[in-house]
Structure formats: C-alpha cells, structure tokens
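> Next comes final.txt, compact mmCIF, C-alpha atoms:
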# COMPACT_ATOMS: atom_id res chain seq x y z
CA MET O 1 15.00 -55.19 -184.25
CA ASP O 2 17.35 -52.40 -185.36
CA LEU O 3 15.42 -49.75 -187.32
CA GLN O 4 18.55 -47.60 -187.85
CA GLY O 5 16.76 -44.35 -187.04
CA PHE O 6 13.87 -44.91 -189.42
CA GLY O 7 11.39 -45.34 -186.53
CA ALA O 8 9.94 -41.81 -186.81
CA GLN O 9 9.47 -42.27 -190.56
CA LEU O 10 7.57 -45.53 -190.06
CA ALA O 11 5.45 -43.82 -187.39
CA SER O 12 4.47 -40.98 -189.72
CA GLY O 13 3.65 -43.55 -192.41
CA THR O 14 1.48 -45.45 -189.94
CA TRP O 15 -0.43 -42.25 -189.19
CA VAL O 16 -1.08 -41.68 -192.92
CA THR O 17 -2.26 -45.31 -193.26
CA VAL O 18 -4.70 -44.81 -190.38
CA GLN O 19 -5.99 -41.57 -191.93
CA LEU O 20 -6.38 -43.26 -195.33
CA ALA O 21 -8.34 -46.15 -193.80
CA LEU O 22 -10.63 -43.98 -191.66
CA ALA O 23 -11.37 -41.42 -194.39
CA SER O 24 -12.09 -44.14 -196.95
CA MET O 25 -14.29 -46.07 -194.52
CA ALA O 26 -16.35 -42.95 -193.73
CA CYS O 27 -16.93 -42.29 -197.45
CA ALA O 28 -17.60 -45.99 -198.08
CA VAL O 29 -20.30 -46.05 -195.40
CA VAL O 30 -22.03 -43.03 -196.98
CA LEU O 31 -21.74 -44.59 -200.45
CA GLY O 32 -22.99 -47.90 -199.05
CA LEU O 33 -26.06 -46.29 -197.49
CA LEU O 34 -26.84 -44.47 -200.74
CA GLY O 35 -26.26 -47.65 -202.76
CA ALA O 36 -28.43 -49.77 -200.48
CA ALA O 37 -31.19 -47.16 -200.57
CA ALA O 38 -31.00 -47.04 -204.39
CA LYS O 39 -31.01 -50.81 -204.70
CA THR O 40 -33.90 -51.47 -202.31
CA ALA O 41 -36.19 -48.47 -202.51
CA GLY O 42 -35.20 -46.54 -205.64
CA PRO O 43 -36.94 -46.39 -209.01
CA ALA O 44 -35.89 -48.92 -211.65
CA PRO O 45 -33.05 -46.89 -213.28
CA LEU O 46 -31.48 -46.26 -209.86
CA ARG O 47 -31.74 -49.95 -209.04
CA TRP O 48 -29.97 -50.84 -212.28
CA LEU O 49 -27.28 -48.27 -211.55
CA GLY O 50 -26.75 -49.81 -208.11
CA THR O 51 -26.52 -53.32 -209.56
CA ALA O 52 -24.08 -52.17 -212.25
CA TYR O 53 -21.95 -50.45 -209.58
CA THR O 54 -21.63 -53.43 -207.25
CA GLY O 55 -21.24 -55.86 -210.13
CA MET O 56 -18.47 -53.82 -211.73
CA VAL O 57 -16.48 -53.35 -208.53
CA ARG O 58 -16.63 -57.07 -207.81
CA GLY O 59 -14.83 -57.76 -211.09
CA LEU O 60 -12.10 -55.11 -210.86
CA PRO O 61 -8.84 -55.48 -208.94
CA GLU O 62 -8.33 -52.81 -206.29
CA LEU O 63 -4.94 -51.83 -207.73
CA LEU O 64 -6.46 -51.19 -211.16
CA VAL O 65 -9.06 -48.84 -209.67
CA ILE O 66 -6.37 -46.90 -207.80
CA LEU O 67 -4.28 -46.49 -210.96
CA LEU O 68 -7.37 -45.54 -213.01
CA VAL O 69 -8.37 -42.86 -210.50
CA TYR O 70 -4.86 -41.47 -210.03
CA PHE O 71 -3.86 -41.30 -213.70
CA GLY O 72 -7.27 -41.23 -215.39
CA LEU O 73 -9.58 -39.18 -213.20
CA ALA O 74 -7.13 -36.24 -213.03
CA VAL O 75 -7.18 -36.02 -216.84
CA VAL O 76 -10.99 -36.17 -216.91
CA ILE O 77 -11.28 -33.48 -214.22
CA ASN O 78 -8.90 -31.17 -216.08
CA ARG O 79 -10.71 -31.70 -219.41
CA VAL O 80 -14.05 -30.89 -217.77
CA ALA O 81 -12.58 -27.90 -215.95
CA SER O 82 -11.03 -26.41 -219.08
CA ALA O 83 -14.26 -27.07 -221.02
CA LEU O 84 -16.06 -25.03 -218.34
CA GLY O 85 -13.57 -22.23 -218.88
CA PHE O 86 -11.33 -22.88 -215.86
CA GLU O 87 -7.74 -21.70 -216.37
CA GLY O 88 -4.96 -23.66 -214.76
CA HIS O 89 -4.25 -27.21 -213.72
CA ILE O 90 -5.93 -29.28 -210.99
CA ASP O 91 -3.72 -31.83 -209.28
CA LEU O 92 -5.07 -34.96 -207.62
CA SER O 93 -2.81 -35.87 -204.70
CA PRO O 94 -2.03 -39.57 -204.21
CA PHE O 95 -3.81 -39.44 -200.85
CA VAL O 96 -7.03 -38.02 -202.32
CA ALA O 97 -6.89 -40.41 -205.29
CA GLY O 98 -6.43 -43.28 -202.83
CA VAL O 99 -9.41 -42.23 -200.74
CA ILE O 100 -11.59 -41.90 -203.87
CA ALA O 101 -10.54 -45.30 -205.23
CA LEU O 102 -10.85 -47.13 -201.90
CA SER O 103 -14.23 -45.55 -201.11
CA PHE O 104 -15.48 -46.43 -204.58
CA ASN O 105 -14.50 -50.07 -204.11
CA TYR O 106 -15.51 -50.53 -200.51
CA GLY O 107 -18.69 -48.51 -201.01
CA ALA O 108 -19.89 -51.36 -203.20
CA TYR O 109 -19.14 -53.94 -200.51
CA MET O 110 -20.87 -51.78 -197.92
CA THR O 111 -23.87 -51.47 -200.27
CA GLU O 112 -24.29 -55.24 -200.19
CA VAL O 113 -23.86 -55.37 -196.41
CA PHE O 114 -26.44 -52.65 -195.78
CA ARG O 115 -28.81 -54.16 -198.31
CA GLY O 116 -28.67 -57.47 -196.49
CA ALA O 117 -29.14 -55.77 -193.12
CA LEU O 118 -32.11 -53.75 -194.38
CA GLY O 119 -33.73 -56.97 -195.56
CA THR O 120 -33.70 -58.43 -192.04
CA ILE O 121 -35.85 -55.66 -190.58
CA PRO O 122 -39.47 -56.84 -190.53
CA PRO O 123 -41.73 -54.62 -192.70
CA GLY O 124 -44.10 -54.43 -189.73
CA HIS O 125 -41.65 -52.14 -187.90
CA ARG O 126 -41.80 -49.61 -190.71
CA GLU O 127 -45.55 -49.94 -191.03
CA ALA O 128 -46.06 -49.46 -187.29
CA ALA O 129 -43.98 -46.28 -187.46
CA GLN O 130 -46.04 -45.07 -190.41
CA ALA O 131 -49.22 -45.78 -188.44
CA LEU O 132 -47.83 -43.56 -185.66
CA GLY O 133 -47.49 -40.76 -188.22
CA LEU O 134 -43.69 -40.64 -188.46
CA GLY O 135 -42.17 -39.21 -191.65
CA ARG O 136 -39.93 -41.21 -194.00
CA TRP O 137 -36.69 -39.68 -192.71
CA ARG O 138 -37.59 -40.16 -189.05
CA ILE O 139 -38.57 -43.78 -189.69
CA PHE O 140 -35.18 -44.34 -191.30
CA ARG O 141 -33.25 -42.58 -188.55
CA ARG O 142 -35.18 -43.76 -185.48
CA ILE O 143 -36.53 -47.18 -186.43
CA VAL O 144 -34.50 -48.69 -189.28
CA THR O 145 -30.94 -47.48 -188.65
CA PRO O 146 -30.54 -48.56 -185.00
CA GLN O 147 -31.62 -52.09 -185.91
CA MET O 148 -29.59 -52.10 -189.12
CA TRP O 149 -26.27 -51.20 -187.43
CA ARG O 150 -26.44 -54.25 -185.20
CA ILE O 151 -26.91 -56.60 -188.15
CA ALA O 152 -24.40 -54.81 -190.39
CA LEU O 153 -21.61 -54.40 -187.85
CA PRO O 154 -19.86 -57.81 -187.95
CA ALA O 155 -19.63 -57.77 -191.76
CA SER O 156 -18.63 -54.09 -191.79
CA GLY O 157 -15.87 -54.90 -189.33
CA ASN O 158 -14.42 -57.53 -191.65
CA ILE O 159 -14.66 -55.09 -194.55
CA PHE O 160 -12.81 -52.44 -192.55
CA LEU O 161 -9.98 -54.87 -191.76
CA SER O 162 -9.73 -55.68 -195.44
CA LEU O 163 -9.74 -51.96 -196.29
CA LEU O 164 -7.01 -51.26 -193.75
CA LYS O 165 -4.76 -53.78 -195.48
CA ASP O 166 -5.65 -52.55 -198.95
CA THR O 167 -4.41 -49.05 -198.10
CA ALA O 168 -0.94 -50.52 -198.72
CA LEU O 169 -1.79 -50.49 -202.45
CA VAL O 170 -2.08 -46.68 -202.46
CA SER O 171 1.69 -46.54 -201.85
CA VAL O 172 2.04 -47.57 -205.50
CA VAL O 173 0.93 -44.09 -206.67
CA GLY O 174 3.14 -42.41 -204.07
CA ALA O 175 1.02 -41.78 -200.96
CA GLN O 176 3.35 -41.39 -197.98
CA ASP O 177 1.79 -44.30 -196.10
CA LEU O 178 3.45 -47.02 -194.04
CA MET O 179 4.21 -49.16 -197.09
CA ARG O 180 5.90 -46.31 -198.97
CA GLU O 181 7.93 -45.13 -195.95
CA THR O 182 9.06 -48.73 -195.45
CA ALA O 183 10.13 -48.97 -199.08
CA ILE O 184 12.14 -45.75 -198.68
CA ALA O 185 13.80 -47.12 -195.55
CA VAL O 186 14.64 -50.32 -197.45
CA GLY O 187 16.17 -48.26 -200.25
CA TYR O 188 18.58 -46.59 -197.81
CA SER O 189 19.38 -49.45 -195.47
CA LYS O 190 19.40 -52.38 -197.97
CA GLN O 191 17.71 -54.51 -195.32
CA PRO O 192 14.38 -55.49 -196.88
CA PHE O 193 13.55 -58.35 -194.51
CA THR O 194 14.00 -56.29 -191.34
CA PHE O 195 11.88 -53.39 -192.54
CA TYR O 196 9.11 -55.34 -194.26
CA LEU O 197 8.84 -57.49 -191.13
CA ALA O 198 8.59 -54.31 -189.05
CA ALA O 199 5.83 -53.08 -191.37
CA ALA O 200 4.03 -56.42 -191.10
CA ILE O 201 4.17 -56.19 -187.29
CA ILE O 202 2.78 -52.63 -187.38
CA TYR O 203 -0.06 -53.73 -189.70
CA LEU O 204 -0.77 -56.64 -187.34
CA GLY O 205 -0.93 -54.17 -184.45
CA LEU O 206 -3.34 -51.96 -186.39
CA THR O 207 -5.63 -54.86 -187.29
CA ALA O 208 -5.54 -56.08 -183.68
CA LEU O 209 -6.53 -52.61 -182.49
CA ALA O 210 -9.30 -52.40 -185.10
CA THR O 211 -10.58 -55.84 -184.08
CA LEU O 212 -10.74 -54.69 -180.46
CA CYS O 213 -12.67 -51.52 -181.40
CA ILE O 214 -15.12 -53.55 -183.53
CA HIS O 215 -15.63 -55.95 -180.64
CA LEU O 216 -16.41 -53.07 -178.26
CA LEU O 217 -18.83 -51.56 -180.80
CA GLU O 218 -20.53 -54.93 -181.19
CA ARG O 219 -20.94 -55.19 -177.43
CA ARG O 220 -22.55 -51.75 -177.48
CA THR O 221 -24.97 -52.44 -180.34
CA THR O 222 -26.04 -55.83 -178.97
CA HIS O 223 -26.70 -54.31 -175.56
CA GLY O 224 -29.88 -55.86 -174.19
CA ILE O 225 -30.01 -58.54 -176.86
CA ARG O 226 -29.35 -62.13 -175.99
CA THR O 227 -26.45 -63.67 -177.90
CA LEU O 228 -24.85 -67.08 -177.88
CA GLU O 229 -21.91 -65.83 -175.82
CA GLY O 230 -24.28 -64.62 -173.14
CA MET H 1 -8.64 -41.62 -226.52
CA ASN H 2 -6.08 -43.38 -228.72
CA TRP H 3 -7.74 -46.62 -229.87
CA GLN H 4 -4.83 -47.70 -232.08
CA VAL H 5 -2.49 -47.92 -229.07
CA MET H 6 -5.05 -50.07 -227.25
CA ILE H 7 -5.46 -52.43 -230.20
CA ASP H 8 -1.70 -52.67 -230.70
CA SER H 9 -1.08 -53.60 -227.07
CA LEU H 10 -3.78 -56.27 -227.01
CA PRO H 11 -1.42 -59.25 -227.60
CA ALA H 12 0.83 -58.14 -224.74
CA LEU H 13 -2.20 -57.74 -222.46
CA LEU H 14 -3.47 -61.21 -223.37
CA GLN H 15 -0.04 -62.61 -222.56
CA GLY H 16 -0.41 -60.97 -219.15
CA ALA H 17 -3.86 -62.48 -218.70
CA ARG H 18 -2.30 -65.90 -219.26
CA VAL H 19 0.16 -65.27 -216.41
CA THR H 20 -2.75 -64.14 -214.21
CA LEU H 21 -4.58 -67.41 -214.86
CA GLU H 22 -1.44 -69.43 -214.13
CA LEU H 23 -1.02 -67.58 -210.83
CA VAL H 24 -4.64 -68.19 -209.87
CA VAL H 25 -4.53 -71.92 -210.61
CA LEU H 26 -1.08 -72.51 -209.05
CA SER H 27 -1.77 -70.61 -205.84
CA GLY H 28 -5.20 -72.16 -205.60
CA VAL H 29 -3.87 -75.71 -205.82
CA LEU H 30 -0.90 -75.02 -203.53
CA GLY H 31 -3.21 -73.23 -201.12
CA ILE H 32 -5.56 -76.19 -200.81
CA MET H 33 -2.65 -78.60 -200.41
CA ILE H 34 -1.38 -76.62 -197.45
CA ALA H 35 -4.79 -75.67 -196.10
CA VAL H 36 -6.15 -79.16 -195.43
CA PRO H 37 -3.37 -80.42 -193.13
CA THR H 38 -3.14 -77.01 -191.43
CA ALA H 39 -6.90 -76.98 -190.85
CA MET H 40 -6.66 -80.44 -189.28
CA ALA H 41 -3.93 -79.16 -186.95
CA ARG H 42 -6.00 -76.06 -186.20
CA VAL H 43 -8.87 -78.05 -184.69
CA SER H 44 -6.60 -80.38 -182.72
CA ALA H 45 -7.36 -81.04 -179.06
CA HIS H 46 -3.73 -80.29 -178.09
CA TRP H 47 -2.76 -76.63 -177.76
CA TRP H 48 0.81 -77.22 -178.98
CA VAL H 49 -0.53 -78.64 -182.25
CA ARG H 50 -2.94 -75.72 -182.62
CA ALA H 51 -0.29 -73.04 -181.90
CA LEU H 52 1.46 -73.03 -185.28
CA PRO H 53 -1.66 -72.88 -187.49
CA VAL H 54 -3.16 -70.21 -185.20
CA ALA H 55 -0.04 -68.04 -185.59
CA HIS H 56 0.04 -68.72 -189.33
CA ILE H 57 -3.59 -67.67 -189.82
CA TYR H 58 -3.20 -64.62 -187.58
CA PHE H 59 -0.15 -63.35 -189.46
CA PHE H 60 -1.49 -63.86 -192.98
CA ARG H 61 -4.95 -62.47 -192.29
CA GLY H 62 -3.62 -59.43 -190.44
CA THR H 63 -1.02 -58.11 -192.90
CA PRO H 64 -1.46 -56.69 -196.42
CA LEU H 65 -0.78 -59.00 -199.34
CA LEU H 66 1.72 -56.47 -200.71
CA VAL H 67 3.78 -56.63 -197.50
CA GLN H 68 3.76 -60.43 -197.66
CA ILE H 69 4.90 -60.48 -201.28
CA TYR H 70 7.68 -57.92 -200.64
CA LEU H 71 8.73 -59.73 -197.47
CA VAL H 72 9.22 -62.96 -199.40
CA TYR H 73 10.48 -61.56 -202.70
CA TYR H 74 12.80 -58.76 -201.51
CA GLY H 75 13.13 -59.78 -197.86
CA LEU H 76 14.56 -63.23 -198.48
CA GLY H 77 17.22 -61.55 -200.65
CA GLN H 78 18.73 -60.28 -197.40
CA PHE H 79 19.71 -63.87 -196.59
CA GLU H 80 20.62 -64.86 -200.17
CA VAL H 81 17.87 -67.43 -200.56
CA GLY H 82 16.29 -68.05 -203.97
CA GLU H 83 14.05 -65.25 -205.24
CA GLY H 84 11.84 -67.34 -207.54
CA PHE H 85 9.68 -68.46 -204.65
CA SER H 86 6.02 -67.61 -205.18
CA ALA H 87 4.62 -65.44 -202.43
CA LEU H 88 1.04 -65.59 -203.56
CA ALA H 89 0.35 -69.08 -202.28
CA LEU H 90 0.99 -68.07 -198.66
CA PRO H 91 -1.99 -65.73 -198.14
CA ALA H 92 -4.18 -67.94 -200.31
CA ARG H 93 -3.26 -70.76 -197.98
CA ALA H 94 -4.10 -68.78 -194.89
CA LEU H 95 -7.51 -67.86 -196.27
CA LEU H 96 -8.25 -71.41 -197.30
CA VAL H 97 -7.13 -72.63 -193.91
CA ARG H 98 -9.72 -70.34 -192.43
CA ASP H 99 -12.41 -71.72 -194.73
CA HIS H 100 -11.44 -75.28 -194.00
CA ARG H 101 -11.40 -74.58 -190.30
CA ILE H 102 -14.94 -73.28 -190.48
CA TYR H 103 -16.13 -76.25 -192.51
CA SER H 104 -14.28 -78.74 -190.41
CA GLN H 105 -15.75 -77.34 -187.24
CA TYR H 106 -19.26 -77.26 -188.61
CA PHE H 107 -19.26 -80.76 -189.97
CA GLY H 108 -16.87 -82.30 -187.49
CA LEU H 109 -15.01 -83.89 -190.39
CA TYR H 110 -11.67 -83.97 -188.64
CA ARG H 111 -12.93 -84.43 -185.13
CA ARG H 112 -13.37 -87.95 -184.03
CA ASP H 113 -15.31 -87.05 -180.91
CA SER H 114 -18.06 -85.38 -182.91
CA ALA H 115 -18.28 -88.35 -185.26
CA GLY H 116 -19.45 -90.65 -182.49
CA GLY H 117 -16.35 -91.69 -180.58
CA ASP H 118 -13.99 -93.91 -182.51
CA SER H 119 -16.62 -95.59 -184.64
CA ILE H 120 -15.77 -93.35 -187.59
CA GLY H 121 -12.06 -92.86 -188.28
CA PRO H 122 -10.48 -89.58 -189.38
CA THR H 123 -10.64 -90.58 -193.04
CA GLY H 124 -14.18 -91.61 -193.23
Could you show the structure in this file as structure tokens?


Amino acid sequence: MDLQGFGAQLASGTWVTVQLALASMACAVVLGLLGAAAKTAGPAPLRWLGTAYTGMVRGLPELLVILLVYFGLAVVINRVASALGFEGHIDLSPFVAGVIALSFNYGAYMTEVFRGALGTIPPGHREAAQALGLGRWRIFRRIVTPQMWRIALPASGNIFLSLLKDTALVSVVGAQDLMRETAIAVGYSKQPFTFYLAAAIIYLGLTALATLCIHLLERRTTHGIRTLEG
Amino acid sequence: MNWQVMIDSLPALLQGARVTLELVVLSGVLGIMIAVPTAMARVSAHWWVRALPVAHIYFFRGTPLLVQIYLVYYGLGQFEVGEGFSALALPARALLVRDHRIYSQYFGLYRRDSAGGDSIGPTG
C-alpha cells in the first residue's frame, strides 16, 4: 500500500485517537461508578437523576452529543463566565469537547454495567465487613470493588471497543485524530479507497490490541477462580 | 434561545426524520437477509466455509462505522463504481450475523449434529 508520505500523519492521528479513547474511558469509569452509586444507594432524587441520565443517553445519537457539546457547551460556559464577571473568551478545543461528549455517553453505559455488577455481590459480604467494624469507604474499596471488577470487566471491555471506534466521530468537529488525518490525506492524494482502507486496518490493529489487553486483564481478575476455559 | 428559528425549521427536521426511519428499516431488512446465510456459514464444520464470514465479522466489528461509510461512499469512487450504494447495511449485517451466530450456536438451529443426527433436517 503506497501512503505517499502520509504515514507520519496517520501515525500522529492514531496517537490522538488512542489518547481520546483512554481519556474518555477513564472519565467514563469515574462517571459510571458515581452513577451506579447514585442509582443503587443514593436518596430518591439522586436515583431519579441517575435514571434520567442513562435513559437520556440511550436515546441520543453519539454524533448529536458531540455537536451539542462542541457548539453548545462553549456558549453556555461563556455566558456563565461573563455572568460571573469573567472578561475574555473561553475556547473549548475539539479534543476536550470530544472527551466530554464521549465520557458523558459512555459514563451512562458504564453506570449500567457497574450497577449490574454491584447487584451480583451477596449482601452478606457487606454485612460481614460491617460486623468486623469496617467503615463504608473501606468496605467499598476492600470488599465490593475487587469482586465488582471481575464481573464488570467483560462488559466494560466491549464498551471500550465501542468507544474506541466512536472516537472517529470526534473528527467531525475537527479533532486531529486518525479519521481527520486520513481525510486530509485523501484531500491531497485523491485516493480515498487506499487511505480509508489504511485507516480501517489501523483501527483493526487498535481493537485487536485492546482485545488482547482486556483478555490479559480478565486472566488477572479471574485468578484463582474456576472458569469454563479452565 | 431563538424559538422562532426552531419552529420554522421543524418541517425540514421532520423530513430528515423520515429519511432516518427509511434507513433504519432498509438496513435492518437487508442486514437480516445477509445475516442468516452468513450465520449458517459461520457455524459450518468446514474451515473454508467459515473463513469468509469470520473475516467479514472481524472487519465490520473492528472498524468505526464512519470509516466503513467513507470507504464505500468515497472509496469506491476511486474505481468509478456507482456511489448510490448504501453503506449502512454492511455493519448492520455484521452485527446481526454475530447475533444469529450466538443464537444458532445456543439452539443448534443450523447444526444437524446437535439436532440428533440426521433425524431433523436443516430446515426443521
């Protein structure tokens, strides 16, 4: 495949895609933990908020959220800032807007995953820890989380793969990711098939790598637990 | 917020919603039509029958939808093939193939050996 000297550009785009995916996943995990906590243990208004959040995200296309954040949130931020007496203009970079939009969306999916995983932990484990005099935070960190990761990991892995592919949508608002760099290369070379195929192969490589990492993590979390594979 | 602009653009938006529905129904139907035979090939006992559906599923599940659409819509232009070809059915197909594969393996619908030898044919 002749990339006509655009190889370095595709490589830098790939790096931005990886950064986008990892940053969004980290924020989505935090949002998911908060969401799951609100939905399972919070007071009624928090539970409603959590339900509204996951329900809303399920019905909105990813692209719409990205456009709303990039074009809408910047306006809101600037209105609020000027109302608070801030002089000047705040710019939301496409990368940051992408991370906010992707974390918002995938945070909702992670909420559901964590909520399901929390439900599988027998209440007796928590009660036993309480009987031993452990505090709420230590019970969560020492007793609940280690068991929860194992249950949540396979579904989280699938969600990460889906997130990795959805980062391509952020190119629409101008993030310098793999998709955007490919489009630029196509604009110069007039060879769309060659370059989009190259991008597809790079994305395939990334998902293969991510699958491998997830598999290794799964091996680690199921250590000492009998599975069907042995 | 300018409400008048939103109200004025409502007919155009509804027109767009119609196209969305058409896309959903068309790709859904096309997807199922391709998924069922591909799923049957996917659970074949012969590796050379399985190879194509495996590659198909791997490619469409591992690349972004946007890349697939651009590859078909802009990419085929490089070879001067028609541009009106819908790209959306391809990933829908791949996903449905995956679903059908799971179902077919669970229920042994397409596998004669799990339906008690040859007593039950592939169609029922």

> For CA of Gly98 (chain O) and CA of Ala74 (chain O), quote the distance in Å rounded to one decimal.

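Answer for the CA of Gly98 (chain O) to CA of Ala74 (chain O) separation: 12.4 Å.
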
> Which neighbours of region 118-128 of chain O fall inside 8 Å, counting only C-alpha atoms, when residues of the same chain fewer than 6 positions from it are skipped, and could you give them as a ChimeraX atom specification?

/O:139,143-144,147-148

> Give me, please, the distance in Å between CA of Thr145 (chain O) and CA of Thr221 (chain O), quoted to one decimal.

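Here the two named atoms are 11.4 Å from each other.
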
> For the atom pair CA of Met110 (chain O) and CA of Phe59 (chain H), what is the interatomic distance in Å to one decimal place?

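These atoms are spaced 25.2 Å apart.
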
> If we count all atoms listed in the file, which residues of chain O reach to within 6 Å of chain H? Please list them as JSON, numbers by chain.

{"O": [165, 192, 193, 196, 200, 203, 204, 207]}

> Compare O:Val99, O:Ile184, O:Ile225, O:Ser162 by their minimum atom-to-atom distance to Gln19 (chain O), counting only C-alpha atoms, and give me the closest one.

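Using only C-alpha atoms, Gln19 (chain O) sits closest to O:Val99.
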
> Do a neighbour search on Glu62 (chain O) at 10 Å with all atoms listed in the file, toss out local chain neighbours closer than 4 positions, and write the hits as an NGL selection string.

:O and (57-58 or 66-68 or 101-102 or 104-106 or 166-167 or 169-170)

> Identify which of the residues O:Gly205, O:Gly107, O:Pro94, O:Gly7 lies closest to Tyr53 (chain O), counting all atoms listed in the file when measuring atom-to-atom distances.

O:Gly107

> If we count all atoms listed in the file, what is near region 36-49 of chain O at a cut-off of 7 Å, once residues fewer than 4 positions away on the same chain are taken out, given as an MDAnalysis selection string?

chainID O and resid 32 53 111:112 114:115

> Okay, now the selection with C-alpha atoms, as a PDB file, keeping the file's coordinate frame?


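Listing of result03.pdb after writing:
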ATOM      1  CA  GLY O  32     -22.990 -47.900-199.050  1.00  0.00           C
ATOM      2  CA  TYR O  53     -21.950 -50.450-209.580  1.00  0.00           C
ATOM      3  CA  THR O 111     -23.870 -51.470-200.270  1.00  0.00           C
ATOM      4  CA  GLU O 112     -24.290 -55.240-200.190  1.00  0.00           C
ATOM      5  CA  PHE O 114     -26.440 -52.650-195.780  1.00  0.00           C
ATOM      6  CA  ARG O 115     -28.810 -54.160-198.310  1.00  0.00           C
TER       7      ARG O 115
END
